[in-house]
$ cat upload.txt   # compact mmCIF, C-alpha atoms
# COMPACT_ATOMS: atom_id res chain seq x y z
CA MET S 88 59.38 -45.56 -48.58
CA THR S 89 62.02 -43.96 -46.41
CA HIS S 90 61.38 -40.77 -44.46
CA ARG S 91 63.57 -38.88 -46.93
CA GLY S 92 61.57 -40.33 -49.82
CA VAL S 93 58.31 -39.23 -48.22
CA LYS S 94 59.64 -35.69 -47.82
CA LEU S 95 60.82 -35.56 -51.44
CA ALA S 96 57.48 -36.87 -52.71
CA GLY S 97 55.63 -34.32 -50.59
CA ALA S 98 57.80 -31.50 -51.92
CA LEU S 99 57.15 -32.67 -55.50
CA VAL S 100 53.39 -32.75 -54.96
CA MET S 101 53.49 -29.32 -53.36
CA GLY S 102 55.49 -27.93 -56.25
CA LEU S 103 53.06 -29.35 -58.79
CA CYS S 104 50.14 -27.93 -56.84
CA LEU S 105 51.68 -24.49 -56.65
CA ALA S 106 52.46 -24.57 -60.36
CA SER S 107 48.92 -25.53 -61.29
CA CYS S 108 46.88 -23.72 -58.61
CA VAL S 109 48.29 -20.21 -58.87
CA THR S 110 45.93 -18.14 -60.99
CA THR S 111 45.10 -14.58 -61.85
CA GLY S 112 41.49 -13.48 -61.62
CA GLN S 113 39.00 -11.17 -60.06
CA TYR S 114 38.97 -10.45 -56.34
CA ILE S 115 36.03 -8.62 -54.77
CA LEU S 116 36.98 -5.55 -52.75
CA ALA S 117 33.33 -4.84 -51.92
CA PRO S 118 30.04 -6.32 -53.13
CA ASP S 119 26.95 -4.68 -54.54
CA ALA S 120 24.80 -3.93 -51.52
CA GLN S 121 21.51 -2.36 -50.52
CA GLY S 122 20.56 -1.05 -47.14
CA LEU S 123 18.66 1.28 -44.86
CA VAL S 124 19.78 3.98 -42.42
CA ILE S 125 17.68 4.45 -39.27
CA ASP S 126 17.71 7.46 -36.93
CA THR S 127 17.31 5.77 -33.56
CA ALA S 128 16.15 9.02 -31.93
CA THR S 129 12.98 8.95 -34.02
CA GLY S 130 12.88 5.34 -35.15
CA ARG S 131 12.43 6.58 -38.71
CA PRO S 132 14.56 6.26 -41.86
CA LEU S 133 17.21 8.94 -42.23
CA ALA S 134 17.24 10.81 -45.56
CA GLY S 135 20.30 12.52 -47.00
CA ALA S 136 22.92 10.53 -45.09
CA GLU S 137 26.20 9.81 -46.87
CA VAL S 138 27.12 6.13 -47.19
CA ARG S 139 30.41 4.69 -48.38
CA TYR S 140 32.61 1.61 -48.23
CA VAL S 141 35.60 2.25 -45.99
CA VAL S 142 37.88 0.12 -48.18
CA LEU S 143 37.09 2.07 -51.38
CA GLU S 144 39.15 5.20 -50.83
CA GLY S 145 38.47 8.11 -53.14
CA VAL S 146 35.04 6.84 -54.16
CA SER S 147 32.27 9.40 -53.69
CA PRO S 148 29.62 8.37 -51.14
CA VAL S 149 26.00 7.81 -52.06
CA ARG S 150 23.10 9.51 -50.31
CA THR S 151 20.09 7.86 -48.76
CA GLY S 152 16.73 8.65 -50.34
CA ALA S 153 13.64 9.98 -48.63
CA ASP S 154 12.96 6.41 -47.45
CA GLY S 155 16.43 6.12 -45.90
CA ARG S 156 17.51 3.49 -48.40
CA PHE S 157 20.73 3.30 -50.36
CA SER S 158 22.53 1.17 -52.93
CA LEU S 159 26.29 0.73 -52.99
CA ASP S 160 28.16 -0.38 -56.09
CA GLY S 161 30.89 -2.90 -55.42
CA ARG S 162 34.29 -3.15 -57.01
CA VAL S 163 36.61 -5.92 -58.17
CA GLU S 164 40.31 -5.93 -59.01
CA ARG S 165 42.72 -8.31 -60.65
CA ARG S 166 44.86 -10.36 -58.27
CA THR S 167 47.14 -13.36 -58.46
CA GLY S 168 46.82 -15.97 -55.78
CA LEU S 169 46.66 -19.62 -54.83
CA VAL S 170 43.37 -21.36 -55.54
CA LEU S 171 43.01 -24.15 -52.99
CA PRO S 172 41.63 -27.43 -54.34
CA VAL S 173 39.41 -27.89 -51.27
CA SER S 174 37.76 -24.48 -51.21
CA GLY S 175 38.37 -21.62 -53.58
CA VAL S 176 35.89 -19.23 -52.01
CA TYR S 177 35.24 -17.95 -48.51
CA ARG S 178 32.97 -15.60 -46.60
CA ASP S 179 34.34 -12.09 -46.43
CA THR S 180 33.15 -8.72 -45.09
CA ALA S 181 33.46 -5.05 -45.95
CA ARG S 182 32.78 -2.14 -43.60
CA VAL S 183 30.24 0.59 -44.37
CA GLN S 184 30.48 4.06 -42.84
CA VAL S 185 27.59 6.54 -42.69
CA SER S 186 27.81 10.28 -42.00
CA ALA S 187 24.99 12.73 -41.34
CA PRO S 188 24.96 16.34 -40.08
CA GLY S 189 24.85 16.60 -36.29
CA LEU S 190 25.23 12.86 -35.71
CA PRO S 191 28.26 10.69 -34.92
CA ASP S 192 29.24 8.37 -37.75
CA GLY S 193 27.51 5.01 -37.94
CA TYR S 194 28.99 1.70 -39.08
CA ALA S 195 27.79 -1.61 -40.48
CA THR S 196 29.29 -4.77 -41.95
CA VAL S 197 28.39 -6.27 -45.32
CA GLY S 198 28.91 -10.00 -45.77
CA PHE S 199 29.69 -11.57 -49.15
CA ILE S 200 31.38 -14.54 -50.81
CA ASN S 201 34.92 -13.83 -52.01
CA GLY S 202 37.79 -15.65 -53.65
CA ILE S 203 39.97 -15.30 -56.72
CA ARG S 204 37.96 -16.36 -59.76
CA PRO S 205 39.85 -16.96 -63.03
CA GLY S 206 38.83 -14.98 -66.07
CA PRO S 207 38.24 -11.34 -66.91
CA PRO S 208 36.65 -9.03 -64.31
CA VAL S 209 32.87 -9.17 -64.13
CA GLU S 210 30.31 -7.44 -61.94
CA PRO S 211 30.80 -7.91 -58.16
CA ARG S 212 28.58 -10.45 -56.50
CA PRO S 213 25.71 -9.12 -54.39
CA ALA S 214 25.90 -8.99 -50.60
CA ILE S 215 24.51 -11.93 -48.66
CA TYR S 216 21.94 -9.79 -46.86
CA PRO S 217 20.58 -6.21 -46.77
CA VAL S 218 22.30 -3.84 -44.36
CA VAL S 219 20.80 -1.66 -41.62
CA VAL S 220 22.88 1.19 -40.18
CA LEU S 221 21.71 2.58 -36.84
CA MET S 222 22.53 6.25 -36.17
CA PHE S 223 22.60 7.60 -32.62
CA PRO S 224 22.27 11.16 -31.26
CA ALA S 225 25.40 13.16 -30.54
CA ASP S 226 24.46 13.26 -26.86
CA ALA S 227 23.79 9.52 -26.58
CA GLY S 228 24.92 8.46 -23.14
CA GLU S 229 27.08 5.53 -22.23
CA THR S 230 25.50 2.10 -22.02
CA PRO S 231 25.78 -0.56 -19.30
CA LEU S 232 28.42 -2.28 -21.44
CA HIS S 233 30.44 0.93 -21.56
CA ALA S 234 30.74 0.76 -17.79
CA LEU S 235 31.91 -2.85 -17.87
CA MET S 236 34.27 -2.40 -20.83
CA GLN S 237 35.67 1.07 -20.19
CA ASP S 238 39.20 -0.34 -19.98
CA CYS S 239 39.05 -2.36 -23.20
CA VAL S 240 36.97 -0.40 -25.71
CA GLU S 241 38.43 2.21 -27.97
CA GLY S 242 37.59 3.87 -31.26
CA PRO S 243 34.30 5.13 -32.69
CA GLU S 244 33.31 1.79 -34.24
CA GLN S 245 33.41 -0.02 -30.92
CA HIS S 246 31.54 2.73 -29.08
CA HIS S 247 28.92 2.67 -31.84
CA ALA S 248 28.67 -1.13 -31.55
CA LEU S 249 28.02 -0.91 -27.80
CA ARG S 250 25.14 1.46 -28.50
CA ILE S 251 23.74 -1.03 -31.03
CA VAL S 252 23.78 -3.71 -28.33
CA ALA S 253 21.88 -1.50 -25.87
CA TYR S 254 19.43 -0.40 -28.55
CA VAL S 255 18.41 -3.89 -29.68
CA ALA S 256 18.18 -5.02 -26.06
CA GLY S 257 15.55 -2.33 -25.48
CA LEU S 258 13.31 -3.35 -28.39
CA ASP S 259 9.81 -4.56 -27.58
CA ALA S 260 9.47 -8.22 -28.58
CA ALA S 261 5.76 -7.67 -29.17
CA ASP S 262 6.31 -4.68 -31.44
CA MET S 263 9.49 -5.17 -33.46
CA PRO S 264 10.34 -2.55 -36.10
CA ASP S 265 9.60 -3.54 -39.68
CA TRP S 266 13.26 -3.29 -40.67
CA LEU S 267 14.34 -5.98 -38.19
CA THR S 268 14.02 -9.17 -40.22
CA SER S 269 15.91 -12.44 -40.05
CA ASP S 270 18.32 -11.10 -42.69
CA THR S 271 19.00 -7.75 -41.02
CA ALA S 272 19.33 -9.49 -37.65
CA GLU S 273 22.05 -11.66 -39.20
CA ALA S 274 23.71 -8.52 -40.57
CA LEU S 275 23.75 -6.88 -37.14
CA GLU S 276 25.05 -10.05 -35.51
CA GLU S 277 27.91 -10.29 -38.00
CA HIS S 278 28.78 -6.63 -37.55
CA LEU S 279 28.93 -6.96 -33.76
CA SER S 280 31.05 -10.11 -34.01
CA GLN S 281 33.50 -8.26 -36.25
CA VAL S 282 33.76 -5.11 -34.14
CA LEU S 283 33.36 -6.74 -30.72
CA PRO S 284 34.84 -10.24 -31.19
CA SER S 285 34.61 -12.62 -28.25
CA SER S 286 38.39 -12.64 -27.98
CA GLY S 287 38.32 -8.90 -27.38
CA PHE S 288 36.41 -9.35 -24.15
CA ARG S 289 39.46 -11.09 -22.65
CA GLU S 290 41.17 -7.72 -22.48
CA CYS S 291 38.50 -6.42 -20.09
CA ALA S 292 39.11 -6.53 -16.37
CA ARG S 293 35.42 -7.40 -15.92
CA MET S 294 35.38 -9.89 -18.77
CA SER S 295 32.84 -12.36 -17.37
CA GLU S 296 30.29 -9.68 -16.49
CA ALA S 297 30.73 -7.91 -19.82
CA TRP S 298 30.39 -11.09 -21.88
CA ALA S 299 27.32 -12.28 -19.96
CA LEU S 300 25.61 -8.92 -20.48
CA TYR S 301 26.54 -8.83 -24.16
CA VAL S 302 25.06 -12.30 -24.73
CA SER S 303 21.83 -11.47 -22.91
CA GLN S 304 21.37 -8.12 -24.65
CA THR S 305 21.91 -9.53 -28.15
CA GLU S 306 19.70 -12.57 -27.62
CA VAL S 307 16.87 -10.85 -29.47
CA LEU S 308 18.91 -10.88 -32.69
CA GLY S 309 19.37 -14.63 -32.51
CA THR S 310 15.66 -15.08 -31.86
CA VAL S 311 14.69 -12.97 -34.88
CA ARG S 312 17.28 -14.66 -37.10
CA ALA S 313 16.10 -18.13 -36.09
CA SER S 314 12.51 -17.23 -36.92
CA ARG S 315 13.18 -18.00 -40.59
CA TYR S 316 13.60 -21.66 -39.66
CA ALA S 317 10.53 -21.87 -37.42
CA PRO S 318 7.92 -24.33 -38.76
CA GLU S 319 4.70 -22.79 -40.00
CA MET S 320 1.88 -23.16 -37.53
CA PRO S 321 -1.45 -24.59 -38.77

$ encode --input "upload.txt" --output "C-alpha cells"
Amino acid sequence: MTHRGVKLAGALVMGLCLASCVTTGQYILAPDAQGLVIDTATGRPLAGAEVRYVVLEGVSPVRTGADGRFSLDGRVERRTGLVLPVSGVYRDTARVQVSAPGLPDGYATVGFINGIRPGPPVEPRPAIYPVVVLMFPADAGETPLHALMQDCVEGPEQHHALRIVAYVAGLDAADMPDWLTSDTAEALEEHLSQVLPSSGFRECARMSEAWALYVSQTEVLGTVRASRYAPEMP
C-alpha cells in the first residue's frame, strides 16, 4: 500500500472510531467520601468544622461531628466525550477545603475513579480511601521547607502542604496516631503530590536541598502505606 493509501486508511479508521466511540453519559465531579478532621495543636478530632468540595460551588458545606468525622455527598453530571477503546476510566482527584473559627483553612485531596459511563446518571462512586484533613494553628510558624522554598511557594494550599510535611516528619514511629493508617497515608501522599508536584521543585533556587528534605520528611508516609503489604509474622 502506498503512503497515501496508508494515510487514507488511517483517516477512515479514525473517523469510524470517532463515530462509534463518542458517547454521552455520567461524569463524576466529586465522589462520595468520608473523612476526619484533626486539630494538630491538640492531636484530637475537631468538631464543628465546615467541609466542602472546592469544585462544587454553591453547595452548602457539611459539619464535622463530635468525633471530627464527616461525610461528603458526591455529584455527577451528563457529559459527551470520547470513550477510548483501551481505557475508558482513569484515576481522578477532587479537592476538599475545611474551615474552622480561629484556624487557617485546611485542604485535602480525594482520589476516585472517573470516566464517562454511558447510561442515565446514577450515584457517584465512593472515594478510593478515607480522607484526613490536618488543621494548624493560626500562629503556626514556618517550616524548614518554607526556608528552602520561599521563592517558589505561593498560595494557602501550598503553605498548608508544607506544614503537613513537617507535621508527619515529627511523628513518633513508636507511637503513631490511630488515624494514620495505610489508607490515610496514601491519601496524604496523593494530596502532597498534587499540591507540591516534583516538577514544582524545579522552580526553587535551592531545588536539590528542598527535594531531598521533602523526600526524607515524607518517608514515614511511604512506610505506613507499605505496611499493608508486609507479610504477617508468625

$ atom_distance --input "upload.txt" --atom1 "atom CA of S:Gln304" --atom2 "atom CA of S:Val252"
6.2 Å

$ closest_residue --input "upload.txt" --among "S:Thr129, S:Ser280, S:Ser186, S:Gln113" --to "S:Pro148" --atoms "only C-alpha atoms"
S:Ser186

$ residues_around --input "upload.txt" --residues "S:Gly193" --least-positions-apart "6" --cutoff "6 Å" --atoms "only C-alpha atoms" --output "list in words"
Gln184, Val185 and Met222 of chain S

$ closest_residue --input "upload.txt" --among "S:Glu241, S:Ala187, S:Tyr177, S:Pro118" --to "S:Ala134" --atoms "only C-alpha atoms"
S:Ala187

$ residues_near_point --input "upload.txt" --point "(34.5, -4.1, -43.6)" --cutoff "8 Å" --atoms "all atoms listed in the file" --output "list of chain:residue names"
S:Tyr140, S:Val141, S:Val142, S:Thr180, S:Ala181, S:Arg182, S:Val183, S:Ala195, S:Thr196, S:Val197

$ write_last_selection --input "upload.txt" --atoms "C-alpha atoms" --output "PDB file, keeping the file's coordinate frame"
ATOM      1  CA  TYR S 140      32.610   1.610 -48.230  1.00  0.00           C
ATOM      2  CA  VAL S 141      35.600   2.250 -45.990  1.00  0.00           C
ATOM      3  CA  VAL S 142      37.880   0.120 -48.180  1.00  0.00           C
ATOM      4  CA  THR S 180      33.150  -8.720 -45.090  1.00  0.00           C
ATOM      5  CA  ALA S 181      33.460  -5.050 -45.950  1.00  0.00           C
ATOM      6  CA  ARG S 182      32.780  -2.140 -43.600  1.00  0.00           C
ATOM      7  CA  VAL S 183      30.240   0.590 -44.370  1.00  0.00           C
ATOM      8  CA  ALA S 195      27.790  -1.610 -40.480  1.00  0.00           C
ATOM      9  CA  THR S 196      29.290  -4.770 -41.950  1.00  0.00           C
ATOM     10  CA  VAL S 197      28.390  -6.270 -45.320  1.00  0.00           C
TER      11      VAL S 197
END

$ closest_residue --input "upload.txt" --among "S:Leu235, S:Leu308, S:Ala272, S:Ala153" --to "S:Val218" --atoms "all atoms listed in the file"
S:Ala272

$ atom_distance --input "upload.txt" --atom1 "atom CA of S:Tyr301" --atom2 "atom CA of S:Phe223"
18.9 Å

$ residues_around --input "upload.txt" --residues "S:Asp226" --least-positions-apart "5" --cutoff "12 Å" --atoms "all atoms listed in the file" --output "VMD selection string"
chain S and resid 128 189 to 191 250

$ residues_around --input "upload.txt" --residues "S:Leu249" --least-positions-apart "4" --cutoff "9 Å" --atoms "all atoms listed in the file" --output "compact mmCIF listing (two decimals) with C-alpha atoms, in the coordinates of the input"
# COMPACT_ATOMS: atom_id res chain seq x y z
CA GLU S 229 27.08 5.53 -22.23
CA THR S 230 25.50 2.10 -22.02
CA PRO S 231 25.78 -0.56 -19.30
CA LEU S 232 28.42 -2.28 -21.44
CA HIS S 233 30.44 0.93 -21.56
CA GLU S 244 33.31 1.79 -34.24
CA GLN S 245 33.41 -0.02 -30.92
CA ALA S 253 21.88 -1.50 -25.87
CA TYR S 254 19.43 -0.40 -28.55
CA LEU S 279 28.93 -6.96 -33.76
CA LEU S 283 33.36 -6.74 -30.72
CA TYR S 301 26.54 -8.83 -24.16

$ residues_around --input "upload.txt" --residues "S:Ala313" --least-positions-apart "3" --cutoff "10 Å" --atoms "only C-alpha atoms" --output "list in words"
Ser269, Asp270, Ala272, Glu273, Val307, Leu308, Gly309, Thr310, Tyr316 and Ala317 of chain S

$ closest_residue --input "upload.txt" --among "S:Val255, S:Ala299, S:Ile115, S:Val220" --to "S:Leu133" --atoms "only C-alpha atoms"
S:Val220

$ atom_distance --input "upload.txt" --atom1 "atom CA of S:Asp126" --atom2 "atom CA of S:Asp192"
11.6 Å

$ closest_residue --input "upload.txt" --among "S:Met236, S:Arg156, S:Leu300, S:Gly228" --to "S:Gly287" --atoms "all atoms listed in the file"
S:Met236

$ closest_residue --input "upload.txt" --among "S:Val146, S:Val124, S:Glu290, S:Pro132" --to "S:Val240" --atoms "all atoms listed in the file"
S:Glu290
